[in-house]
Each structure stands twice: as C-alpha cells, then as structure tokens.
>>> print(open('start_19.pdb').read())   # PDB, C-alpha atoms and all ligand atoms
ATOM      1  CA  MET A   1      11.868  -2.348   8.111
ATOM      2  CA  ASN A   2      11.690  -5.189  10.605
ATOM      3  CA  MET A   3      10.603  -8.132   8.480
ATOM      4  CA  SER A   4      11.019 -10.786  11.121
ATOM      5  CA  PHE A   5       8.049 -12.970  12.039
ATOM      6  CA  ASP A   6       7.350 -15.022  15.143
ATOM      7  CA  ALA A   7       5.068 -17.722  13.698
ATOM      8  CA  VAL A   8       3.678 -18.940  10.396
ATOM      9  CA  TYR A   9       0.020 -19.909   9.991
ATOM     10  CA  TYR A  10      -0.442 -21.980   6.852
ATOM     11  CA  GLU A  11      -2.961 -23.830   4.756
ATOM     12  CA  PRO A  12      -1.415 -27.283   4.145
ATOM     13  CA  ASN A  13      -2.104 -27.279   0.377
ATOM     14  CA  ALA A  14      -0.004 -24.086   0.073
ATOM     15  CA  LEU A  15       3.045 -26.313   0.469
ATOM     16  CA  ASP A  16       2.245 -28.029  -2.858
ATOM     17  CA  TYR A  17       3.302 -24.842  -4.653
ATOM     18  CA  GLU A  18       6.865 -23.791  -5.485
ATOM     19  CA  LEU A  19       6.522 -20.564  -3.480
ATOM     20  CA  GLY A  20       5.039 -22.479  -0.540
ATOM     21  CA  LYS A  21       8.051 -24.787  -0.494
ATOM     22  CA  MET A  22      10.436 -21.827  -0.721
ATOM     23  CA  LEU A  23       8.730 -20.154   2.262
ATOM     24  CA  GLN A  24       8.756 -23.417   4.200
ATOM     25  CA  ALA A  25      12.541 -23.561   3.844
ATOM     26  CA  LYS A  26      13.023 -19.835   4.478
ATOM     27  CA  TYR A  27      11.069 -19.847   7.736
ATOM     28  CA  ALA A  28      11.952 -23.379   8.869
ATOM     29  CA  ASP A  29      13.079 -22.060  12.273
ATOM     30  CA  LEU A  30       9.650 -20.635  13.174
ATOM     31  CA  PRO A  31       6.689 -22.481  14.658
ATOM     32  CA  TRP A  32       4.262 -23.499  11.878
ATOM     33  CA  VAL A  33       0.574 -23.650  12.780
ATOM     34  CA  GLU A  34      -1.816 -25.426  10.443
ATOM     35  CA  ILE A  35      -5.031 -23.546   9.573
ATOM     36  CA  GLU A  36      -8.082 -24.451   7.514
ATOM     37  CA  ASN A  37      -8.604 -21.124   5.814
ATOM     38  CA  HIS A  38      -6.481 -17.959   5.655
ATOM     39  CA  ASN A  39      -9.711 -15.909   5.710
ATOM     40  CA  HIS A  40     -10.820 -17.308   9.009
ATOM     41  CA  ILE A  41      -8.335 -17.958  11.811
ATOM     42  CA  PRO A  42     -10.582 -17.944  14.916
ATOM     43  CA  GLU A  43      -7.768 -17.721  17.493
ATOM     44  CA  LEU A  44      -6.408 -14.560  15.844
ATOM     45  CA  THR A  45      -9.771 -12.908  15.196
ATOM     46  CA  ALA A  46     -10.653 -13.391  18.867
ATOM     47  CA  ALA A  47      -7.454 -11.718  20.109
ATOM     48  CA  ASP A  48      -7.689  -8.566  22.184
ATOM     49  CA  ASN A  49      -7.103  -5.216  20.425
ATOM     50  CA  ARG A  50      -4.010  -4.718  22.578
ATOM     51  CA  ASN A  51      -2.422  -7.657  20.768
ATOM     52  CA  PHE A  52      -2.590  -5.924  17.394
ATOM     53  CA  PRO A  53       1.232  -5.467  17.080
ATOM     54  CA  LYS A  54       1.679  -9.101  18.065
ATOM     55  CA  LEU A  55      -0.814 -10.242  15.386
ATOM     56  CA  LYS A  56       1.175  -8.215  12.861
ATOM     57  CA  SER A  57       4.226 -10.325  13.621
ATOM     58  CA  HIS A  58       2.552 -13.475  12.271
ATOM     59  CA  LEU A  59       2.920 -14.519   8.654
ATOM     60  CA  ILE A  60      -0.045 -16.232   6.976
ATOM     61  CA  ILE A  61       0.412 -18.437   3.922
ATOM     62  CA  GLY A  62      -2.474 -19.652   1.789
ATOM     63  CA  VAL A  63      -3.968 -20.095  -1.654
ATOM     64  CA  ARG A  64      -6.037 -17.215  -3.039
ATOM     65  CA  LYS A  65      -9.443 -18.477  -4.036
ATOM     66  CA  THR A  66     -11.296 -15.302  -5.053
ATOM     67  CA  HIS A  67     -10.073 -13.546  -8.172
ATOM     68  CA  LYS A  68     -12.791 -10.967  -8.710
ATOM     69  CA  TYR A  69     -11.562  -7.740 -10.340
ATOM     70  CA  VAL A  70     -13.285  -4.565  -9.122
ATOM     71  CA  PRO A  71     -13.775  -1.694 -11.609
ATOM     72  CA  ASN A  72     -11.908   1.456 -10.586
ATOM     73  CA  HIS A  73     -11.908   4.975 -11.966
ATOM     74  CA  LYS A  74      -8.766   6.654 -10.741
ATOM     75  CA  VAL A  75      -5.311   5.784 -12.077
ATOM     76  CA  SER A  76      -6.380   2.247 -12.945
ATOM     77  CA  ASP A  77      -9.380   0.602 -14.586
ATOM     78  CA  TRP A  78      -9.376  -2.458 -12.311
ATOM     79  CA  LEU A  79      -8.395  -3.381  -8.758
ATOM     80  CA  VAL A  80      -6.849  -6.832  -8.936
ATOM     81  CA  PRO A  81      -6.659  -9.204  -5.952
ATOM     82  CA  TYR A  82      -3.026 -10.215  -6.240
ATOM     83  CA  THR A  83      -0.217 -12.050  -4.457
ATOM     84  CA  SER A  84      -0.682 -10.698  -0.924
ATOM     85  CA  SER A  85      -2.989  -8.852   1.390
ATOM     86  CA  GLY A  86      -2.229  -7.056   4.623
ATOM     87  CA  CYS A  87       1.187  -5.812   5.623
ATOM     88  CA  ARG A  88       3.931  -6.078   8.238
ATOM     89  CA  ALA A  89       3.969  -2.290   8.797
ATOM     90  CA  MET A  90       1.461  -0.528  11.052
ATOM     91  CA  CYS A  91       0.251   2.772   9.642
ATOM     92  CA  LEU A  92      -2.321   3.943  12.167
ATOM     93  CA  TYR A  93      -4.873   4.825   9.486
ATOM     94  CA  CYS A  94      -4.328   1.768   7.236
ATOM     95  CA  TYR A  95      -7.607   1.096   5.436
ATOM     96  CA  LEU A  96      -6.807  -2.625   5.377
ATOM     97  CA  VAL A  97      -7.469  -2.596   9.109
ATOM     98  CA  CYS A  98     -10.954  -1.247   8.592
ATOM     99  CA  ASN A  99     -11.634  -3.831   5.894
ATOM    100  CA  TYR A 100     -10.297  -6.813   7.772
ATOM    101  CA  ASN A 101     -10.711  -5.603  11.360
ATOM    102  CA  LYS A 102      -7.739  -6.967  13.286
ATOM    103  CA  CYS A 103      -6.696  -9.338  10.537
ATOM    104  CA  ALA A 104      -4.433  -6.942   8.638
ATOM    105  CA  TYR A 105      -1.391  -9.171   9.095
ATOM    106  CA  LEU A 106       0.571 -10.137   6.018
ATOM    107  CA  ARG A 107      -0.987 -12.960   4.023
ATOM    108  CA  LEU A 108       1.004 -14.394   1.117
ATOM    109  CA  PHE A 109      -0.789 -16.313  -1.620
ATOM    110  CA  VAL A 110       1.314 -18.975  -3.245
ATOM    111  CA  ASN A 111      -0.696 -19.528  -6.474
ATOM    112  CA  ARG A 112       1.091 -16.651  -8.176
ATOM    113  CA  GLU A 113       1.296 -18.239 -11.674
ATOM    114  CA  GLN A 114      -2.475 -18.683 -11.712
ATOM    115  CA  MET A 115      -3.001 -15.018 -10.767
ATOM    116  CA  LEU A 116      -0.548 -13.715 -13.365
ATOM    117  CA  ASP A 117      -1.991 -15.969 -16.088
ATOM    118  CA  GLY A 118      -5.472 -14.650 -15.256
ATOM    119  CA  LEU A 119      -4.244 -11.062 -15.400
ATOM    120  CA  LEU A 120      -2.590 -11.520 -18.797
ATOM    121  CA  LYS A 121      -5.731 -13.172 -20.136
ATOM    122  CA  LYS A 122      -7.978 -10.362 -18.894
ATOM    123  CA  ALA A 123      -5.602  -7.750 -20.366
ATOM    124  CA  ALA A 124      -5.584  -9.516 -23.736
ATOM    125  CA  ALA A 125      -9.365  -9.921 -23.870
ATOM    126  CA  ALA A 126     -10.236  -6.282 -23.051
ATOM    127  CA  PRO A 127     -11.644  -4.233 -25.961
ATOM    128  CA  PHE A 128      -8.901  -1.619 -25.439
ATOM    129  CA  PRO A 129      -5.732  -1.465 -23.256
ATOM    130  CA  GLN A 130      -6.495  -1.355 -19.531
ATOM    131  CA  THR A 131      -4.537  -0.396 -16.409
ATOM    132  CA  PHE A 132      -4.520  -2.912 -13.575
ATOM    133  CA  GLU A 133      -3.926  -1.864  -9.948
ATOM    134  CA  ILE A 134      -2.212  -4.860  -8.349
ATOM    135  CA  GLY A 135      -1.220  -3.207  -5.055
ATOM    136  CA  SER A 136      -4.515  -2.174  -3.475
ATOM    137  CA  ASN A 137      -4.489  -4.924  -0.835
ATOM    138  CA  SER A 138      -0.891  -4.764   0.380
ATOM    139  CA  ASP A 139       2.479  -3.137  -0.286
ATOM    140  CA  LEU A 140       4.094  -5.127  -3.085
ATOM    141  CA  VAL A 141       7.586  -3.622  -2.698
ATOM    142  CA  LEU A 142       7.603  -4.842   0.885
ATOM    143  CA  GLU A 143       6.148  -8.219  -0.108
ATOM    144  CA  ASN A 144       8.763  -8.526  -2.837
ATOM    145  CA  THR A 145      11.558  -8.605  -0.246
ATOM    146  CA  ILE A 146      10.173 -11.991   0.848
ATOM    147  CA  THR A 147       8.763 -13.500  -2.356
ATOM    148  CA  ASP A 148      10.557 -11.823  -5.290
ATOM    149  CA  ASN A 149       7.127 -11.888  -6.968
ATOM    150  CA  LEU A 150       7.549  -8.566  -8.759
ATOM    151  CA  ARG A 151      10.309  -9.912 -10.962
ATOM    152  CA  ASP A 152       8.068 -12.347 -12.829
ATOM    153  CA  THR A 153       5.051 -10.064 -12.724
ATOM    154  CA  ILE A 154       6.832  -7.059 -14.204
ATOM    155  CA  GLU A 155       8.878  -8.981 -16.791
ATOM    156  CA  ARG A 156       6.084 -11.254 -18.028
ATOM    157  CA  PHE A 157       3.640  -8.360 -18.229
ATOM    158  CA  GLY A 158       6.385  -6.421 -20.014
ATOM    159  CA  SER A 159       6.761  -9.057 -22.704
ATOM    160  CA  GLU A 160       3.227 -10.495 -22.947
ATOM    161  CA  GLY A 161       0.907  -7.952 -21.327
ATOM    162  CA  ARG A 162      -1.341  -5.376 -22.934
ATOM    163  CA  GLY A 163      -1.961  -2.047 -21.151
ATOM    164  CA  HIS A 164      -0.320  -1.258 -17.817
ATOM    165  CA  LEU A 165       0.180  -2.523 -14.292
ATOM    166  CA  THR A 166       0.453  -0.142 -11.377
ATOM    167  CA  PHE A 167       1.024  -0.215  -7.622
ATOM    168  CA  PRO A 168       1.746   2.296  -4.855
ATOM    169  CA  THR A 169       4.371   1.823  -2.168
ATOM    170  CA  LYS A 170       5.672   3.397   1.027
ATOM    171  CA  PHE A 171       8.982   1.545   0.840
ATOM    172  CA  ASP A 172      12.369   2.207  -0.711
ATOM    173  CA  MET A 173      13.525  -1.374  -1.451
ATOM    174  CA  VAL A 174      13.314  -0.893  -5.215
ATOM    175  CA  HIS A 175      16.827  -2.063  -6.074
ATOM    176  CA  PRO A 176      15.642  -5.518  -7.321
ATOM    177  CA  LEU A 177      13.301  -3.765  -9.780
ATOM    178  CA  LEU A 178      15.820  -1.492 -11.450
ATOM    179  CA  ASN A 179      17.206  -3.918 -14.031
ATOM    180  CA  LEU A 180      13.962  -5.690 -14.901
ATOM    181  CA  ASN A 181      12.729  -5.682 -18.476
ATOM    182  CA  HIS A 182       9.508  -3.748 -17.805
ATOM    183  CA  ARG A 183       9.086  -2.105 -21.244
ATOM    184  CA  GLY A 184       7.406   0.887 -19.637
ATOM    185  CA  LYS A 185       4.297  -1.114 -18.769
ATOM    186  CA  THR A 186       4.505  -0.846 -14.964
ATOM    187  CA  ILE A 187       3.676   2.497 -13.341
ATOM    188  CA  ILE A 188       5.237   2.846  -9.874
ATOM    189  CA  ARG A 189       3.619   5.353  -7.521
ATOM    190  CA  MET A 190       5.438   6.486  -4.395
ATOM    191  CA  SER A 191       3.242   7.404  -1.465
ATOM    192  CA  VAL A 192       4.614  10.312   0.596
ATOM    193  CA  ASN A 193       3.833  12.257   3.719
ATOM    194  CA  PRO A 194       5.779  14.747   5.891
ATOM    195  CA  GLN A 195       8.617  12.962   7.735
ATOM    196  CA  ASP A 196       7.069  13.851  11.091
ATOM    197  CA  ILE A 197       3.861  12.031  10.083
ATOM    198  CA  ILE A 198       5.834   9.056   8.747
ATOM    199  CA  HIS A 199       7.729   8.849  12.022
ATOM    200  CA  ARG A 200       4.713   9.116  14.313
ATOM    201  CA  ILE A 201       1.926   7.523  12.250
ATOM    202  CA  GLU A 202       3.289   5.353   9.408
ATOM    203  CA  LEU A 203       5.008   2.947  11.781
ATOM    204  CA  GLY A 204       7.522   0.625  10.150
ATOM    205  CA  THR A 205       7.641   2.283   6.706
ATOM    206  CA  SER A 206      10.602   3.888   4.898
ATOM    207  CA  PRO A 207      11.662   7.469   5.699
ATOM    208  CA  LEU A 208      10.660  10.268   3.326
ATOM    209  CA  HIS A 209      14.146  10.971   1.974
ATOM    210  CA  ALA A 210      14.638   7.282   1.091
ATOM    211  CA  ARG A 211      11.237   7.131  -0.648
ATOM    212  CA  ILE A 212      12.078  10.175  -2.766
ATOM    213  CA  GLN A 213      15.426   8.675  -3.782
ATOM    214  CA  ALA A 214      13.719   5.368  -4.622
ATOM    215  CA  LEU A 215      11.253   7.175  -6.897
ATOM    216  CA  ASN A 216      14.141   8.945  -8.634
ATOM    217  CA  HIS A 217      15.836   5.574  -9.153
ATOM    218  CA  VAL A 218      12.813   3.844 -10.692
ATOM    219  CA  ALA A 219      12.221   6.837 -12.982
ATOM    220  CA  ASP A 220      15.879   6.637 -14.082
ATOM    221  CA  ALA A 221      15.308   2.946 -14.776
ATOM    222  CA  GLY A 222      12.588   3.954 -17.255
ATOM    223  CA  TYR A 223       9.456   3.164 -15.228
ATOM    224  CA  PRO A 224       6.547   5.603 -15.589
ATOM    225  CA  VAL A 225       6.084   7.175 -12.134
ATOM    226  CA  GLY A 226       3.601   8.964  -9.941
ATOM    227  CA  LEU A 227       3.561  10.652  -6.569
ATOM    228  CA  LEU A 228       0.761   9.858  -4.165
ATOM    229  CA  ILE A 229       0.375  12.428  -1.397
ATOM    230  CA  ALA A 230      -1.691  10.243   0.864
ATOM    231  CA  PRO A 231      -3.348  10.195   3.156
ATOM    232  CA  VAL A 232      -3.259  13.898   3.905
ATOM    233  CA  ILE A 233      -3.689  14.132   7.682
ATOM    234  CA  LEU A 234      -4.824  17.465   9.031
ATOM    235  CA  LEU A 235      -2.973  17.629  12.336
ATOM    236  CA  PRO A 236      -3.095  21.039  14.085
ATOM    237  CA  ASP A 237       0.051  22.263  12.262
ATOM    238  CA  TRP A 238      -0.795  20.639   8.890
ATOM    239  CA  LYS A 239      -0.059  23.724   6.822
ATOM    240  CA  ARG A 240       3.531  23.884   8.038
ATOM    241  CA  LEU A 241       3.990  20.114   7.639
ATOM    242  CA  TYR A 242       2.679  19.936   4.060
ATOM    243  CA  ASP A 243       4.433  23.164   3.079
ATOM    244  CA  GLU A 244       7.740  21.604   4.182
ATOM    245  CA  LEU A 245       6.892  18.335   2.434
ATOM    246  CA  ILE A 246       6.245  20.059  -0.887
ATOM    247  CA  GLU A 247       9.458  22.083  -0.521
ATOM    248  CA  GLN A 248      11.451  18.932   0.137
ATOM    249  CA  LEU A 249       9.849  17.200  -2.859
ATOM    250  CA  ALA A 250      10.711  20.148  -5.083
ATOM    251  CA  ASP A 251      14.331  20.068  -3.834
ATOM    252  CA  GLU A 252      14.922  16.323  -3.978
ATOM    253  CA  LEU A 253      12.820  14.896  -6.834
ATOM    254  CA  SER A 254      14.845  14.463  -9.996
ATOM    255  CA  LYS A 255      14.158  16.497 -13.109
ATOM    256  CA  LYS A 256      12.871  13.327 -14.772
ATOM    257  CA  VAL A 257      10.233  12.728 -12.089
ATOM    258  CA  ARG A 258       9.224  16.380 -12.102
ATOM    259  CA  GLN A 259       8.848  16.359 -15.876
ATOM    260  CA  THR A 260       7.156  13.009 -16.402
ATOM    261  CA  GLY A 261       5.393  12.143 -13.133
ATOM    262  CA  PHE A 262       1.837  12.864 -12.038
ATOM    263  CA  ILE A 263       0.323  13.530  -8.614
ATOM    264  CA  GLU A 264      -2.645  11.998  -6.779
ATOM    265  CA  ILE A 265      -3.910  13.386  -3.462
ATOM    266  CA  ILE A 266      -6.154  11.565  -1.005
ATOM    267  CA  LEU A 267      -7.370  13.056   2.276
ATOM    268  CA  MET A 268      -7.516  10.657   5.203
ATOM    269  CA  THR A 269     -10.611   8.737   6.145
ATOM    270  CA  TYR A 270     -10.622   6.982   9.463
ATOM    271  CA  SER A 271     -12.877   4.432  11.037
ATOM    272  CA  PHE A 272     -14.431   3.547  14.335
ATOM    273  CA  VAL A 273     -12.659   0.155  14.182
ATOM    274  CA  GLN A 274      -9.236   1.731  13.659
ATOM    275  CA  ASN A 275      -9.859   4.145  16.502
ATOM    276  CA  ALA A 276     -10.786   1.298  18.850
ATOM    277  CA  ILE A 277      -7.685  -0.722  17.913
ATOM    278  CA  ASN A 278      -5.308   2.238  18.085
ATOM    279  CA  THR A 279      -6.694   3.416  21.428
ATOM    280  CA  ASP A 280      -5.975   0.006  22.971
ATOM    281  CA  ALA A 281      -2.821  -0.978  21.070
ATOM    282  CA  PHE A 282      -1.008   2.380  20.805
ATOM    283  CA  PRO A 283      -2.202   4.381  23.825
ATOM    284  CA  GLY A 284       0.496   7.066  23.445
ATOM    285  CA  ALA A 285       0.052   7.577  19.699
ATOM    286  CA  VAL A 286      -1.229  10.670  17.890
ATOM    287  CA  GLN A 287      -5.019  10.922  18.028
ATOM    288  CA  LEU A 288      -6.259  10.767  14.435
ATOM    289  CA  LEU A 289      -9.970  11.062  15.134
ATOM    290  CA  ASN A 290     -10.886  14.721  15.502
ATOM    291  CA  ARG A 291     -14.600  15.080  16.170
ATOM    292  CA  GLU A 292     -14.494  18.821  15.402
ATOM    293  CA  SER A 293     -12.914  18.633  11.981
ATOM    294  CA  MET A 294     -14.317  15.240  10.938
ATOM    295  CA  THR A 295     -17.780  14.069  10.093
ATOM    296  CA  GLY A 296     -19.446  10.683   9.506
ATOM    297  CA  ARG A 297     -19.068   9.066   6.101
ATOM    298  CA  GLY A 298     -20.789   5.725   5.716
ATOM    299  CA  ARG A 299     -21.027   3.189   8.492
ATOM    300  CA  GLY A 300     -18.419   3.773  11.190
ATOM    301  CA  LYS A 301     -16.225   5.955   8.974
ATOM    302  CA  TYR A 302     -15.109   9.535   9.332
ATOM    303  CA  CYS A 303     -13.721  12.079   6.869
ATOM    304  CA  TYR A 304     -12.825  15.762   7.105
ATOM    305  CA  ARG A 305     -15.711  18.254   6.938
ATOM    306  CA  LYS A 306     -16.422  19.714   3.498
ATOM    307  CA  ASP A 307     -15.234  23.263   4.335
ATOM    308  CA  ILE A 308     -11.990  21.866   5.758
ATOM    309  CA  ARG A 309     -11.458  19.663   2.711
ATOM    310  CA  ILE A 310     -11.957  22.673   0.438
ATOM    311  CA  GLU A 311      -9.390  24.678   2.416
ATOM    312  CA  ALA A 312      -6.856  21.810   2.318
ATOM    313  CA  GLU A 313      -7.407  21.250  -1.391
ATOM    314  CA  SER A 314      -6.882  24.881  -2.273
ATOM    315  CA  PHE A 315      -3.766  25.102  -0.051
ATOM    316  CA  LEU A 316      -2.207  22.006  -1.642
ATOM    317  CA  ARG A 317      -3.066  23.044  -5.197
ATOM    318  CA  GLN A 318      -1.517  26.455  -4.649
ATOM    319  CA  LYS A 319       1.708  25.121  -3.080
ATOM    320  CA  LEU A 320       2.061  22.395  -5.694
ATOM    321  CA  SER A 321       1.557  24.760  -8.601
ATOM    322  CA  GLN A 322       4.282  27.024  -7.147
ATOM    323  CA  GLN A 323       6.800  24.252  -6.440
ATOM    324  CA  LEU A 324       5.952  21.301  -8.704
ATOM    325  CA  GLY A 325       3.926  22.972 -11.426
ATOM    326  CA  THR A 326       5.125  20.557 -14.140
ATOM    327  CA  MET A 327       3.458  17.583 -12.436
ATOM    328  CA  PRO A 328      -0.279  17.324 -13.236
ATOM    329  CA  ILE A 329      -2.626  16.645 -10.301
ATOM    330  CA  LEU A 330      -4.884  13.815 -11.511
ATOM    331  CA  TYR A 331      -7.366  14.143  -8.662
ATOM    332  CA  ILE A 332      -7.851  15.134  -5.034
ATOM    333  CA  SER A 333     -10.289  12.933  -3.168
TER     334      SER A 333
HETATM  335  S1  LIG B 401       2.368   0.380   4.302
HETATM  336 FE1  LIG B 401       0.353   0.454   3.321
HETATM  337  S2  LIG B 401      -0.524  -1.582   3.603
HETATM  338 FE2  LIG B 401       1.197  -1.381   5.062
HETATM  339  S3  LIG B 401       0.249  -0.675   7.003
HETATM  340 FE3  LIG B 401       0.918   1.143   5.847
HETATM  341  S4  LIG B 401      -0.897   1.785   4.656
HETATM  342 FE4  LIG B 401      -1.250  -0.346   5.339
END
>>> encode(input="start_19.pdb", output="structure tokens")
Amino acid sequence: MNMSFDAVYYEPNALDYELGKMLQAKYADLPWVEIENHNHIPELTAADNRNFPKLKSHLIIGVRKTHKYVPNHKVSDWLVPYTSSGCRAMCLYCYLVCNYNKCAYLRLFVNREQMLDGLLKKAAAAPFPQTFEIGSNSDLVLENTITDNLRDTIERFGSEGRGHLTFPTKFDMVHPLLNLNHRGKTIIRMSVNPQDIIHRIELGTSPLHARIQALNHVADAGYPVGLLIAPVILLPDWKRLYDELIEQLADELSKKVRQTGFIEIILMTYSFVQNAINTDAFPGAVQLLNRESMTGRGRGKYCYRKDIRIEAESFLRQKLSQQLGTMPILYIS
C-alpha cells in the first residue's frame, strides 16, 4: 500500500495533542496547510471529480467533535465514530465516497484518549455486554500503520472493557496486533473478494492471499475472527469469480478460522455520486453501474434487482455450505 501523502491539512489545535505532535514530526517534510474545520475544506470540496486520486493523497488532521453512537443490528450493537474517517485506498464502490462526496480522504482525529475513555464508559454503563463497531468509517488496520492507535485501543479494552470491539479490514498489516493483550475482546473481520475484483476495483488494498494469511495469523493469536464477503459485485462472470474465491478460501483458511469464524455477506450498493466520480477520475475502470441488473434504492442509490439478489444468495449459500460448511453465515444483505 502506498501510504505516502503530498500535503497535510490541519486544524491548529490538533497540535496540542500528543498524536498531533507525533504526526507533525513524522510529516515535517510535507507542506502543512492550516484549516478551520476538518469537515469543511472549501478548496478540496470544490475540486473537480478528475482530481479525486489527488485529493486522496492529502492527509487531514483534526479533533473529532461529534461522538454520537448509532445503534446497529448486525455483528455489533453500536457504530462508534472513532479515530479516523476516510481512507488512502480507492475502492471504486467505497460507501464513504457516497457519504462524504469527494471528501473520502483520510482524516485522523488526535483526541484518541477522549474517544477511548468514552467507549469504555459506554460499555461499562450498558445494562448487558455490548459489541462496538469501531471501523465503520475507515480501515483501522491501515490507519494503525500511521498512528499505532490499535495498540492502546485493543489492550485497554482488553483489560478494562466490557463486551467486545470489532472492525473489518481489507489489509494484511496485522503483525503489530499479534502480541497485544486483547483477552479475546476484539473481533477482527477480514473483508474478501475474488483477486480479479481486488486488482481491478479495490485499488490500493492488500491482495487476497495476503488477507487470508493475515486472518489465519490473528486467529492463531487468539482473536475471535470473521470473514466478510463484501461487497459481492455481480460482474458478467460473477459465478466463476465467486466459485474460485470460495475454493481458495477453503484451501487457504486455517482449520482454526474454519472452525471458529463466522461469515457475513453484503451485496454491493452503488450511488449516482460514485458513478459520477469514477466516470471522470477512472475513465478506463470497470463499469459498476449496470442499469439492467440494478434498481433504485433510496435517493441516488442503486442495488441489484430482487430476483438477481435471490439467485446470488442461493448460489453463495450452496457453495459455502459445500466448501466452508463449518462457518455459520450470520446474514446476507
Ligand atoms: S479499504 Fe475500505 S475504507 Fe478504504 S477505500 Fe476501500 S472500502 Fe473504502
């Protein structure tokens, strides 16, 4: 993964924090541009769609002000706004793009102690143990290569936290997590797709083989694990692609993952905004919007037609029960 940046946009008060100072030293060679608010950087918002890859090469540093937890009903009970949002990679379907329009660049929030304290407090006050999704706004394994934030998060939650933390990732840089004292309270979910889709659509993420090995390693290190087949993208030869993916998973996942892990499956949704950006910024890329197989879902969003979803679901369930029958499928959405 290319984790180089070409400029840092920063809120001045971010430099009062320990992490802000660390980042200031780490990226001292780059131009630093002062901003008022990480949520509103007019010169970047006004940029042309064609500049999307260029925007992704900026790093934004600020203080997170909103800490509102959103109830969730899948693997976790709560979605937690945590230490970053956005990402340096450029998956063509990334839902962060549709939420933030062009502003899906990596934003790091330096008030990490405040966020972790709040999380521990919420976990302690809940009537029964809860699971907190801390990676719904960014990829924390990728972020961790810059901030080392997962160390404190996982170890403090391990010793003081009640319930579980969880996050998904598309990256294999899990080595710094392997010796942490997690006490089984952090569930790591590896997001996978056929290698051909990773190569052509999940630009800048880790290859499939490396992701599978990383999942094996974290399971060996005692973390509870899951496999996220997401987003399922129904390209013309999707059956062959997902058949090969499931075969490779069955061959390469360790016995421990196959016996203790669970599976989640999410079919792709795509948006008008993403289509506009991708058309201008990646003119030669795979076309993800298929007006024959997709239908409108909410404002400016598209998902696969119901009959096509049913076919994909039954295909995946059948292949998975043949090849990875010991891993429960929690949901397909
Ligand atoms: S790795 Fe995740 S957060 Fe980053 S661009 Fe891809 S989908 Fe978005």
>>> residues_near_ligand(input="start_19.pdb", ligand="ligand LIG 401 (chain B)", cutoff="10 Å", atoms="all atoms listed in the file", output="MDAnalysis selection string")
chainID A and resid 56 85:97 104:106 135:143 168:171 191 198 201:206 230:231
>>> atom_distance(input="start_19.pdb", atom1="CA of Ile197 (chain A)", atom2="CA of Asp243 (chain A)")
13.2 Å
>>> residues_around(input="start_19.pdb", residues="region 275-288 of chain A", least_positions_apart="2", cutoff="6 Å", atoms="only C-alpha atoms", output="ChimeraX atom specification")
/A:49-50,272-273
>>> write_last_selection(input="start_19.pdb", atoms="C-alpha atoms", output="PDB file, in the coordinates of the input")
ATOM      1  CA  ASN A  49      -7.103  -5.216  20.425  1.00  0.00           C
ATOM      2  CA  ARG A  50      -4.010  -4.718  22.578  1.00  0.00           C
ATOM      3  CA  PHE A 272     -14.431   3.547  14.335  1.00  0.00           C
ATOM      4  CA  VAL A 273     -12.659   0.155  14.182  1.00  0.00           C
TER       5      VAL A 273
END
>>> atom_distance(input="start_19.pdb", atom1="CA of Val63 (chain A)", atom2="CA of Phe109 (chain A)")
4.9 Å
>>> residues_around(input="start_19.pdb", residues="Lys74 (chain A)", least_positions_apart="3", cutoff="9 Å", atoms="all atoms listed in the file", output="list in words")
Asp77, Leu330 and Tyr331 of chain A
>>> residues_around(input="start_19.pdb", residues="region 113-123 of chain A", least_positions_apart="3", cutoff="8 Å", atoms="all atoms listed in the file", output="PyMOL selection string")
chain A and resi 67+82-83+126+129-130+153+157+160-163
>>> residues_around(input="start_19.pdb", residues="Asn290 (chain A)", least_positions_apart="4", cutoff="12 Å", atoms="only C-alpha atoms", output="PDB file with C-alpha atoms, in the coordinates of the input")
ATOM      1  CA  ILE A 233      -3.689  14.132   7.682  1.00  0.00           C
ATOM      2  CA  LEU A 234      -4.824  17.465   9.031  1.00  0.00           C
ATOM      3  CA  LEU A 235      -2.973  17.629  12.336  1.00  0.00           C
ATOM      4  CA  PRO A 236      -3.095  21.039  14.085  1.00  0.00           C
ATOM      5  CA  MET A 268      -7.516  10.657   5.203  1.00  0.00           C
ATOM      6  CA  THR A 269     -10.611   8.737   6.145  1.00  0.00           C
ATOM      7  CA  TYR A 270     -10.622   6.982   9.463  1.00  0.00           C
ATOM      8  CA  SER A 271     -12.877   4.432  11.037  1.00  0.00           C
ATOM      9  CA  PHE A 272     -14.431   3.547  14.335  1.00  0.00           C
ATOM     10  CA  ASN A 275      -9.859   4.145  16.502  1.00  0.00           C
ATOM     11  CA  VAL A 286      -1.229  10.670  17.890  1.00  0.00           C
ATOM     12  CA  MET A 294     -14.317  15.240  10.938  1.00  0.00           C
ATOM     13  CA  THR A 295     -17.780  14.069  10.093  1.00  0.00           C
ATOM     14  CA  GLY A 296     -19.446  10.683   9.506  1.00  0.00           C
ATOM     15  CA  TYR A 302     -15.109   9.535   9.332  1.00  0.00           C
ATOM     16  CA  CYS A 303     -13.721  12.079   6.869  1.00  0.00           C
ATOM     17  CA  TYR A 304     -12.825  15.762   7.105  1.00  0.00           C
ATOM     18  CA  ARG A 305     -15.711  18.254   6.938  1.00  0.00           C
TER      19      ARG A 305
END
>>> resolve_selection(input="start_19.pdb", expression="the PyMOL selection byres (((chain A and resi 181) around 9) and not hetatm)", output="NGL selection string")
:A and (151 or 154-156 or 158-159 or 177-180 or 182-184)
>>> atom_distance(input="start_19.pdb", atom1="CA of Ala47 (chain A)", atom2="CA of Ser4 (chain A)")
20.6 Å
>>> resolve_selection(input="start_19.pdb", expression="the PyMOL selection byres (((chain A and resi 262) around 8) and not hetatm)", output="PyMOL selection string")
chain A and resi 225-227+260-261+263-264+327-330
>>> write_last_selection(input="start_19.pdb", atoms="C-alpha atoms", output="PDB file, keeping the file's coordinate frame")
ATOM      1  CA  VAL A 225       6.084   7.175 -12.134  1.00  0.00           C
ATOM      2  CA  GLY A 226       3.601   8.964  -9.941  1.00  0.00           C
ATOM      3  CA  LEU A 227       3.561  10.652  -6.569  1.00  0.00           C
ATOM      4  CA  THR A 260       7.156  13.009 -16.402  1.00  0.00           C
ATOM      5  CA  GLY A 261       5.393  12.143 -13.133  1.00  0.00           C
ATOM      6  CA  ILE A 263       0.323  13.530  -8.614  1.00  0.00           C
ATOM      7  CA  GLU A 264      -2.645  11.998  -6.779  1.00  0.00           C
ATOM      8  CA  MET A 327       3.458  17.583 -12.436  1.00  0.00           C
ATOM      9  CA  PRO A 328      -0.279  17.324 -13.236  1.00  0.00           C
ATOM     10  CA  ILE A 329      -2.626  16.645 -10.301  1.00  0.00           C
ATOM     11  CA  LEU A 330      -4.884  13.815 -11.511  1.00  0.00           C
TER      12      LEU A 330
END
